[in-house]
>>> print(open('protein27.cif').read())   # mmCIF, N, CA and C atoms
data_run
loop_
_atom_site.label_atom_id
_atom_site.label_comp_id
_atom_site.auth_asym_id
_atom_site.auth_seq_id
_atom_site.Cartn_x
_atom_site.Cartn_y
_atom_site.Cartn_z
N MET A 1 94.12 105.63 111.55
CA MET A 1 93.54 106.62 110.66
C MET A 1 94.63 107.19 109.74
N LYS A 2 94.35 107.19 108.48
CA LYS A 2 95.33 107.68 107.51
C LYS A 2 95.34 109.20 107.50
N THR A 3 96.54 109.73 107.35
CA THR A 3 96.68 111.18 107.23
C THR A 3 96.49 111.59 105.78
N LYS A 4 96.29 112.89 105.58
CA LYS A 4 96.14 113.40 104.21
C LYS A 4 97.39 113.09 103.39
N LYS A 5 98.56 113.19 104.02
CA LYS A 5 99.81 112.93 103.29
C LYS A 5 99.92 111.47 102.87
N SER A 6 99.56 110.55 103.77
CA SER A 6 99.67 109.13 103.41
C SER A 6 98.67 108.76 102.32
N ILE A 7 97.52 109.38 102.33
CA ILE A 7 96.53 109.16 101.27
C ILE A 7 97.08 109.68 99.94
N LEU A 8 97.70 110.86 99.99
CA LEU A 8 98.27 111.45 98.79
C LEU A 8 99.42 110.59 98.25
N ILE A 9 100.24 110.05 99.13
CA ILE A 9 101.33 109.16 98.70
C ILE A 9 100.76 107.92 98.02
N GLY A 10 99.68 107.38 98.56
CA GLY A 10 99.01 106.25 97.93
C GLY A 10 98.51 106.60 96.54
N LYS A 11 97.99 107.81 96.39
CA LYS A 11 97.51 108.26 95.08
C LYS A 11 98.67 108.43 94.11
N ILE A 12 99.82 108.89 94.62
CA ILE A 12 101.01 109.02 93.76
C ILE A 12 101.41 107.64 93.24
N LYS A 13 101.47 106.67 94.14
CA LYS A 13 101.85 105.30 93.74
C LYS A 13 100.87 104.75 92.71
N ASN A 14 99.60 104.92 92.95
CA ASN A 14 98.59 104.42 92.00
C ASN A 14 98.72 105.10 90.64
N THR A 15 99.05 106.38 90.65
CA THR A 15 99.21 107.11 89.39
C THR A 15 100.43 106.62 88.63
N VAL A 16 101.51 106.32 89.35
CA VAL A 16 102.70 105.77 88.69
C VAL A 16 102.36 104.44 88.03
N VAL A 17 101.69 103.57 88.78
CA VAL A 17 101.32 102.26 88.25
C VAL A 17 100.42 102.42 87.03
N GLU A 18 99.45 103.29 87.11
CA GLU A 18 98.54 103.55 85.99
C GLU A 18 99.31 104.08 84.78
N PHE A 19 100.21 105.00 85.03
CA PHE A 19 101.02 105.60 83.96
C PHE A 19 101.85 104.55 83.24
N VAL A 20 102.48 103.67 84.00
CA VAL A 20 103.37 102.65 83.42
C VAL A 20 102.55 101.54 82.77
N ARG A 21 101.51 101.12 83.42
CA ARG A 21 100.75 99.94 82.98
C ARG A 21 99.86 100.21 81.78
N TYR A 22 99.24 101.38 81.76
CA TYR A 22 98.19 101.60 80.77
C TYR A 22 98.54 102.60 79.68
N SER A 23 99.70 103.20 79.75
CA SER A 23 100.13 104.10 78.67
C SER A 23 100.60 103.25 77.49
N GLU A 24 100.34 103.72 76.32
CA GLU A 24 100.78 103.03 75.11
C GLU A 24 101.62 104.00 74.29
N GLY A 25 102.88 103.70 74.17
CA GLY A 25 103.76 104.53 73.35
C GLY A 25 104.18 105.80 74.05
N PRO A 26 105.05 106.53 73.40
CA PRO A 26 105.53 107.79 73.98
C PRO A 26 104.37 108.76 74.19
N LEU A 27 104.34 109.38 75.35
CA LEU A 27 103.27 110.32 75.66
C LEU A 27 103.61 111.70 75.15
N GLU A 28 102.60 112.47 74.96
CA GLU A 28 102.80 113.83 74.49
C GLU A 28 103.06 114.79 75.65
N ILE A 29 102.89 114.31 76.89
CA ILE A 29 103.18 115.13 78.05
C ILE A 29 104.19 114.40 78.93
N THR A 30 104.87 115.14 79.76
CA THR A 30 105.85 114.53 80.66
C THR A 30 105.13 113.88 81.83
N PHE A 31 105.85 113.01 82.54
CA PHE A 31 105.25 112.38 83.71
C PHE A 31 104.88 113.43 84.75
N SER A 32 105.72 114.44 84.92
CA SER A 32 105.42 115.48 85.92
C SER A 32 104.11 116.20 85.58
N ASP A 33 103.87 116.49 84.31
CA ASP A 33 102.61 117.11 83.91
C ASP A 33 101.44 116.15 84.09
N TYR A 34 101.66 114.88 83.77
CA TYR A 34 100.63 113.86 83.95
C TYR A 34 100.21 113.78 85.42
N LEU A 35 101.20 113.71 86.30
CA LEU A 35 100.93 113.62 87.73
C LEU A 35 100.22 114.88 88.23
N ASN A 36 100.68 116.02 87.76
CA ASN A 36 100.06 117.29 88.14
C ASN A 36 98.60 117.33 87.72
N GLN A 37 98.31 116.90 86.50
CA GLN A 37 96.93 116.89 86.00
C GLN A 37 96.05 115.92 86.77
N LYS A 38 96.61 114.76 87.12
CA LYS A 38 95.82 113.74 87.82
C LYS A 38 95.53 114.12 89.27
N LEU A 39 96.53 114.67 89.95
CA LEU A 39 96.39 114.90 91.39
C LEU A 39 96.19 116.36 91.78
N HIS A 40 96.38 117.26 90.83
CA HIS A 40 96.16 118.69 91.07
C HIS A 40 97.03 119.26 92.18
N TYR A 41 98.27 118.82 92.20
CA TYR A 41 99.29 119.36 93.10
C TYR A 41 100.53 119.65 92.27
N ASP A 42 101.35 120.54 92.78
CA ASP A 42 102.62 120.84 92.13
C ASP A 42 103.52 119.61 92.18
N TYR A 43 104.15 119.30 91.06
CA TYR A 43 105.01 118.12 90.98
C TYR A 43 106.14 118.16 92.01
N ASN A 44 106.76 119.31 92.20
CA ASN A 44 107.87 119.40 93.16
C ASN A 44 107.42 119.05 94.58
N TYR A 45 106.22 119.48 94.93
CA TYR A 45 105.67 119.14 96.25
C TYR A 45 105.46 117.63 96.35
N LEU A 46 104.86 117.03 95.32
CA LEU A 46 104.60 115.59 95.34
C LEU A 46 105.90 114.79 95.38
N ALA A 47 106.89 115.22 94.61
CA ALA A 47 108.18 114.52 94.59
C ALA A 47 108.86 114.60 95.94
N ALA A 48 108.83 115.77 96.58
CA ALA A 48 109.45 115.93 97.90
C ALA A 48 108.72 115.09 98.95
N LEU A 49 107.41 115.10 98.89
CA LEU A 49 106.60 114.31 99.82
C LEU A 49 106.90 112.82 99.68
N PHE A 50 106.97 112.36 98.44
CA PHE A 50 107.25 110.96 98.17
C PHE A 50 108.64 110.57 98.66
N SER A 51 109.63 111.38 98.34
CA SER A 51 111.01 111.09 98.76
C SER A 51 111.14 111.05 100.28
N GLU A 52 110.47 111.97 100.94
CA GLU A 52 110.49 112.01 102.40
C GLU A 52 109.89 110.74 102.99
N ALA A 53 108.83 110.26 102.41
CA ALA A 53 108.13 109.08 102.93
C ALA A 53 108.85 107.77 102.61
N HIS A 54 109.49 107.68 101.43
CA HIS A 54 110.04 106.41 100.98
C HIS A 54 111.56 106.35 100.87
N GLY A 55 112.22 107.48 100.97
CA GLY A 55 113.68 107.49 100.92
C GLY A 55 114.26 107.28 99.54
N ILE A 56 113.42 107.31 98.52
CA ILE A 56 113.88 107.26 97.13
C ILE A 56 113.14 108.35 96.36
N THR A 57 113.73 108.76 95.25
CA THR A 57 113.05 109.80 94.47
C THR A 57 111.85 109.21 93.73
N LEU A 58 110.96 110.08 93.40
CA LEU A 58 109.79 109.68 92.61
C LEU A 58 110.23 109.18 91.24
N GLU A 59 111.26 109.80 90.68
CA GLU A 59 111.78 109.38 89.38
C GLU A 59 112.32 107.95 89.44
N HIS A 60 113.01 107.63 90.55
CA HIS A 60 113.55 106.28 90.70
C HIS A 60 112.41 105.25 90.85
N PHE A 61 111.38 105.63 91.58
CA PHE A 61 110.20 104.77 91.74
C PHE A 61 109.54 104.52 90.38
N LEU A 62 109.40 105.58 89.58
CA LEU A 62 108.82 105.46 88.24
C LEU A 62 109.69 104.56 87.37
N LEU A 63 110.98 104.80 87.38
CA LEU A 63 111.91 104.00 86.57
C LEU A 63 111.85 102.52 86.98
N SER A 64 111.80 102.25 88.27
CA SER A 64 111.70 100.86 88.75
C SER A 64 110.45 100.18 88.21
N HIS A 65 109.35 100.90 88.20
CA HIS A 65 108.11 100.33 87.67
C HIS A 65 108.18 100.12 86.16
N LYS A 66 108.82 101.04 85.46
CA LYS A 66 108.96 100.88 84.02
C LYS A 66 109.82 99.65 83.71
N ILE A 67 110.90 99.47 84.44
CA ILE A 67 111.78 98.33 84.21
C ILE A 67 111.06 97.02 84.55
N GLU A 68 110.27 97.01 85.60
CA GLU A 68 109.49 95.80 85.93
C GLU A 68 108.50 95.48 84.83
N ARG A 69 107.90 96.50 84.24
CA ARG A 69 106.98 96.30 83.13
C ARG A 69 107.71 95.73 81.92
N VAL A 70 108.91 96.25 81.66
CA VAL A 70 109.72 95.74 80.56
C VAL A 70 110.05 94.26 80.79
N LYS A 71 110.45 93.92 82.01
CA LYS A 71 110.75 92.51 82.34
C LYS A 71 109.53 91.63 82.07
N GLU A 72 108.39 92.09 82.50
CA GLU A 72 107.16 91.33 82.29
C GLU A 72 106.90 91.10 80.80
N LEU A 73 107.06 92.14 80.01
CA LEU A 73 106.83 92.02 78.57
C LEU A 73 107.89 91.14 77.91
N LEU A 74 109.12 91.18 78.40
CA LEU A 74 110.17 90.31 77.87
C LEU A 74 109.85 88.84 78.16
N VAL A 75 109.36 88.56 79.35
CA VAL A 75 109.04 87.18 79.73
C VAL A 75 107.87 86.65 78.91
N TYR A 76 106.88 87.50 78.63
CA TYR A 76 105.75 87.06 77.81
C TYR A 76 106.20 86.67 76.41
N ASP A 77 107.29 87.28 75.93
CA ASP A 77 107.90 86.94 74.65
C ASP A 77 106.94 87.10 73.47
N GLU A 78 106.06 88.09 73.55
CA GLU A 78 105.13 88.34 72.45
C GLU A 78 105.54 89.54 71.61
N LEU A 79 106.41 90.39 72.16
CA LEU A 79 106.82 91.61 71.48
C LEU A 79 108.33 91.65 71.33
N SER A 80 108.78 92.33 70.29
CA SER A 80 110.22 92.54 70.13
C SER A 80 110.66 93.61 71.12
N ILE A 81 111.96 93.73 71.31
CA ILE A 81 112.47 94.75 72.22
C ILE A 81 112.13 96.14 71.69
N THR A 82 112.13 96.31 70.40
CA THR A 82 111.74 97.60 69.80
C THR A 82 110.28 97.92 70.14
N GLU A 83 109.41 96.94 70.01
CA GLU A 83 107.99 97.15 70.34
C GLU A 83 107.80 97.43 71.83
N ILE A 84 108.56 96.74 72.65
CA ILE A 84 108.49 96.96 74.10
C ILE A 84 108.94 98.37 74.45
N ALA A 85 110.03 98.81 73.84
CA ALA A 85 110.53 100.17 74.10
C ALA A 85 109.45 101.19 73.76
N TRP A 86 108.80 101.04 72.64
CA TRP A 86 107.73 101.95 72.24
C TRP A 86 106.56 101.87 73.22
N LYS A 87 106.14 100.66 73.55
CA LYS A 87 104.98 100.46 74.42
C LYS A 87 105.16 101.08 75.79
N VAL A 88 106.36 101.00 76.33
CA VAL A 88 106.62 101.50 77.68
C VAL A 88 106.99 102.98 77.66
N GLY A 89 107.13 103.55 76.47
CA GLY A 89 107.32 104.98 76.36
C GLY A 89 108.75 105.45 76.25
N TYR A 90 109.66 104.56 75.88
CA TYR A 90 111.05 104.96 75.67
C TYR A 90 111.21 105.56 74.29
N SER A 91 112.10 106.53 74.18
CA SER A 91 112.32 107.19 72.90
C SER A 91 113.10 106.31 71.92
N SER A 92 113.84 105.33 72.46
CA SER A 92 114.61 104.43 71.60
C SER A 92 114.95 103.15 72.35
N VAL A 93 115.33 102.14 71.59
CA VAL A 93 115.78 100.88 72.20
C VAL A 93 117.06 101.13 72.99
N ALA A 94 117.91 102.01 72.48
CA ALA A 94 119.17 102.31 73.18
C ALA A 94 118.90 102.91 74.56
N HIS A 95 117.94 103.80 74.64
CA HIS A 95 117.60 104.41 75.94
C HIS A 95 117.05 103.35 76.89
N LEU A 96 116.15 102.50 76.40
CA LEU A 96 115.63 101.41 77.21
C LEU A 96 116.76 100.51 77.68
N SER A 97 117.62 100.12 76.77
CA SER A 97 118.72 99.21 77.10
C SER A 97 119.65 99.80 78.15
N THR A 98 119.95 101.07 78.02
CA THR A 98 120.83 101.74 78.99
C THR A 98 120.20 101.73 80.39
N GLN A 99 118.94 102.11 80.47
CA GLN A 99 118.28 102.13 81.78
C GLN A 99 118.08 100.72 82.33
N PHE A 100 117.75 99.78 81.48
CA PHE A 100 117.54 98.40 81.91
C PHE A 100 118.84 97.84 82.51
N LYS A 101 119.94 98.07 81.80
CA LYS A 101 121.23 97.55 82.27
C LYS A 101 121.65 98.23 83.57
N LYS A 102 121.39 99.51 83.67
CA LYS A 102 121.73 100.25 84.89
C LYS A 102 120.95 99.70 86.10
N MET A 103 119.70 99.33 85.88
CA MET A 103 118.84 98.86 86.98
C MET A 103 119.03 97.37 87.29
N THR A 104 119.32 96.56 86.26
CA THR A 104 119.36 95.10 86.47
C THR A 104 120.74 94.49 86.33
N GLY A 105 121.64 95.21 85.67
CA GLY A 105 122.95 94.66 85.38
C GLY A 105 122.98 93.80 84.13
N LEU A 106 121.84 93.68 83.46
CA LEU A 106 121.73 92.86 82.25
C LEU A 106 121.16 93.69 81.12
N THR A 107 121.44 93.27 79.91
CA THR A 107 120.77 93.89 78.76
C THR A 107 119.39 93.23 78.62
N PRO A 108 118.46 93.92 78.00
CA PRO A 108 117.15 93.29 77.77
C PRO A 108 117.26 91.99 76.99
N SER A 109 118.12 91.96 75.99
CA SER A 109 118.29 90.74 75.19
C SER A 109 118.78 89.58 76.03
N PHE A 110 119.77 89.83 76.88
CA PHE A 110 120.31 88.78 77.72
C PHE A 110 119.27 88.31 78.74
N PHE A 111 118.52 89.26 79.32
CA PHE A 111 117.45 88.91 80.25
C PHE A 111 116.43 87.99 79.58
N LYS A 112 116.08 88.33 78.35
CA LYS A 112 115.11 87.53 77.60
C LYS A 112 115.65 86.12 77.35
N GLN A 113 116.94 86.02 76.98
CA GLN A 113 117.56 84.71 76.75
C GLN A 113 117.54 83.86 78.02
N ILE A 114 117.87 84.45 79.14
CA ILE A 114 117.88 83.72 80.42
C ILE A 114 116.49 83.18 80.72
N LYS A 115 115.48 84.01 80.57
CA LYS A 115 114.11 83.59 80.87
C LYS A 115 113.67 82.47 79.93
N LEU A 116 114.02 82.59 78.65
CA LEU A 116 113.64 81.55 77.69
C LEU A 116 114.34 80.23 78.00
N LYS A 117 115.61 80.29 78.39
CA LYS A 117 116.34 79.06 78.74
C LYS A 117 115.72 78.39 79.94
N LYS A 118 115.37 79.17 80.97
CA LYS A 118 114.74 78.60 82.16
C LYS A 118 113.41 77.96 81.81
N ARG A 119 112.65 78.64 80.95
CA ARG A 119 111.35 78.13 80.55
C ARG A 119 111.50 76.86 79.74
N ASN A 120 112.45 76.83 78.80
CA ASN A 120 112.68 75.65 77.99
C ASN A 120 113.14 74.48 78.84
N THR A 121 114.00 74.73 79.82
CA THR A 121 114.47 73.67 80.69
C THR A 121 113.31 73.03 81.43
N LEU A 122 112.40 73.83 81.91
CA LEU A 122 111.23 73.28 82.62
C LEU A 122 110.33 72.52 81.67
N GLU A 123 110.16 73.01 80.45
CA GLU A 123 109.29 72.35 79.49
C GLU A 123 109.92 71.05 78.97
N ASP A 124 111.26 70.99 78.93
CA ASP A 124 111.95 69.82 78.41
C ASP A 124 111.93 68.64 79.39
N ASN A 125 111.74 68.95 80.67
CA ASN A 125 111.72 67.88 81.67
C ASN A 125 110.42 67.09 81.53
N SER A 126 110.52 65.80 81.60
CA SER A 126 109.31 64.99 81.57
C SER A 126 108.97 64.60 83.00
N PHE A 127 107.75 64.79 83.34
CA PHE A 127 107.31 64.52 84.72
C PHE A 127 106.46 63.29 84.78
#
>>> encode(input="protein27.cif", output="structure tokens")
Amino acid sequence: MKTKKSILIGKIKNTVVEFVRYSEGPLEITFSDYLNQKLHYDYNYLAALFSEAHGITLEHFLLSHKIERVKELLVYDELSITEIAWKVGYSSVAHLSTQFKKMTGLTPSFFKQIKLKKRNTLEDNSF
């Protein structure tokens, strides 16, 4: 049987995914306000609950999801890095690049090049 806290943590995770996946462009409200409006709890309480349950901050969890979304969009190769930065809600390409490099050790451009090379290598092979 799930406890109220575990249900709330699940709702926090779902809200993060929704926020990252379905937001378009920079939001007019902060993530903390968004979470507060969606779940009707104080952000500090939700952040402490999440950290206690998962051993990472809610901000780190959000950032990890944003970076995964950026990776996905880079692999699709349909948008420029500038468009991706806007779509995922970064204020600038520089901010996206800094966070991306901090999380992955690579720049977005280099990540994109690696993925394209791997894809081209597979496509170039004749089977």
>>> atom_distance(input="protein27.cif", atom1="atom CA of Phe100 of chain A", atom2="atom CA of Ile67 of chain A")
6.2 Å
>>> atom_distance(input="protein27.cif", atom1="atom N of Ala85 of chain A", atom2="atom CA of Ile56 of chain A")
25.1 Å
>>> residues_around(input="protein27.cif", residues="Leu46 of chain A", least_positions_apart="5", cutoff="8 Å", atoms="all atoms listed in the file", output="MDAnalysis selection string")
chainID A and resid 8:9 12 41 51:52 58
>>> atom_distance(input="protein27.cif", atom1="atom CA of Asn14 of chain A", atom2="atom CA of Ala47 of chain A")
14.2 Å
>>> resolve_selection(input="protein27.cif", expression="the PyMOL selection byres ((chain A and resi 69-77) around 7)", output="list in words")
Val20, Ser64, His65, Lys66, Ile67, Glu68, Glu78, Leu79, Ser80, Ile84, Val88, Phe111, Lys112, Lys115 and Leu116 of chain A
>>> select_by_dssp(input="protein27.cif", residues="chain A", states="helix (DSSP H, G or I)", output="ChimeraX atom specification")
/A:4-22,31-39,43-54,58-76,81-88,93-104,108-124
>>> residues_around(input="protein27.cif", residues="Val93 of chain A", least_positions_apart="5", cutoff="7 Å", atoms="all atoms listed in the file", output="PyMOL selection string")
chain A and resi 81-82+85-86+98
>>> write_last_selection(input="protein27.cif", atoms="N, CA and C atoms", output="PDB file, in the coordinates of the input")
ATOM      1  N   ILE A  81     111.960  93.730  71.310  1.00  0.00           N
ATOM      2  CA  ILE A  81     112.470  94.750  72.220  1.00  0.00           C
ATOM      3  C   ILE A  81     112.130  96.140  71.690  1.00  0.00           C
ATOM      4  N   THR A  82     112.130  96.310  70.400  1.00  0.00           N
ATOM      5  CA  THR A  82     111.740  97.600  69.800  1.00  0.00           C
ATOM      6  C   THR A  82     110.280  97.920  70.140  1.00  0.00           C
ATOM      7  N   ALA A  85     110.030  98.810  73.840  1.00  0.00           N
ATOM      8  CA  ALA A  85     110.530 100.170  74.100  1.00  0.00           C
ATOM      9  C   ALA A  85     109.450 101.190  73.760  1.00  0.00           C
ATOM     10  N   TRP A  86     108.800 101.040  72.640  1.00  0.00           N
ATOM     11  CA  TRP A  86     107.730 101.950  72.240  1.00  0.00           C
ATOM     12  C   TRP A  86     106.560 101.870  73.220  1.00  0.00           C
ATOM     13  N   THR A  98     119.950 101.070  78.020  1.00  0.00           N
ATOM     14  CA  THR A  98     120.830 101.740  78.990  1.00  0.00           C
ATOM     15  C   THR A  98     120.200 101.730  80.390  1.00  0.00           C
TER      16      THR A  98
END
>>> axis_aligned_box(input="protein27.cif", around="segment 85-101 of chain A", padding_each_side="5 Å", output="JSON")
{"center_x": 113.3, "center_y": 102.4, "center_z": 77.6, "size_x": 26.7, "size_y": 19.6, "size_z": 22.0}
>>> resolve_selection(input="protein27.cif", expression="the PyMOL selection byres (((chain A and resi 23 and name CA) around 12) and name CA)", output="PyMOL selection string")
chain A and resi 15-22+24-29+31+34+66+69+84+86-90
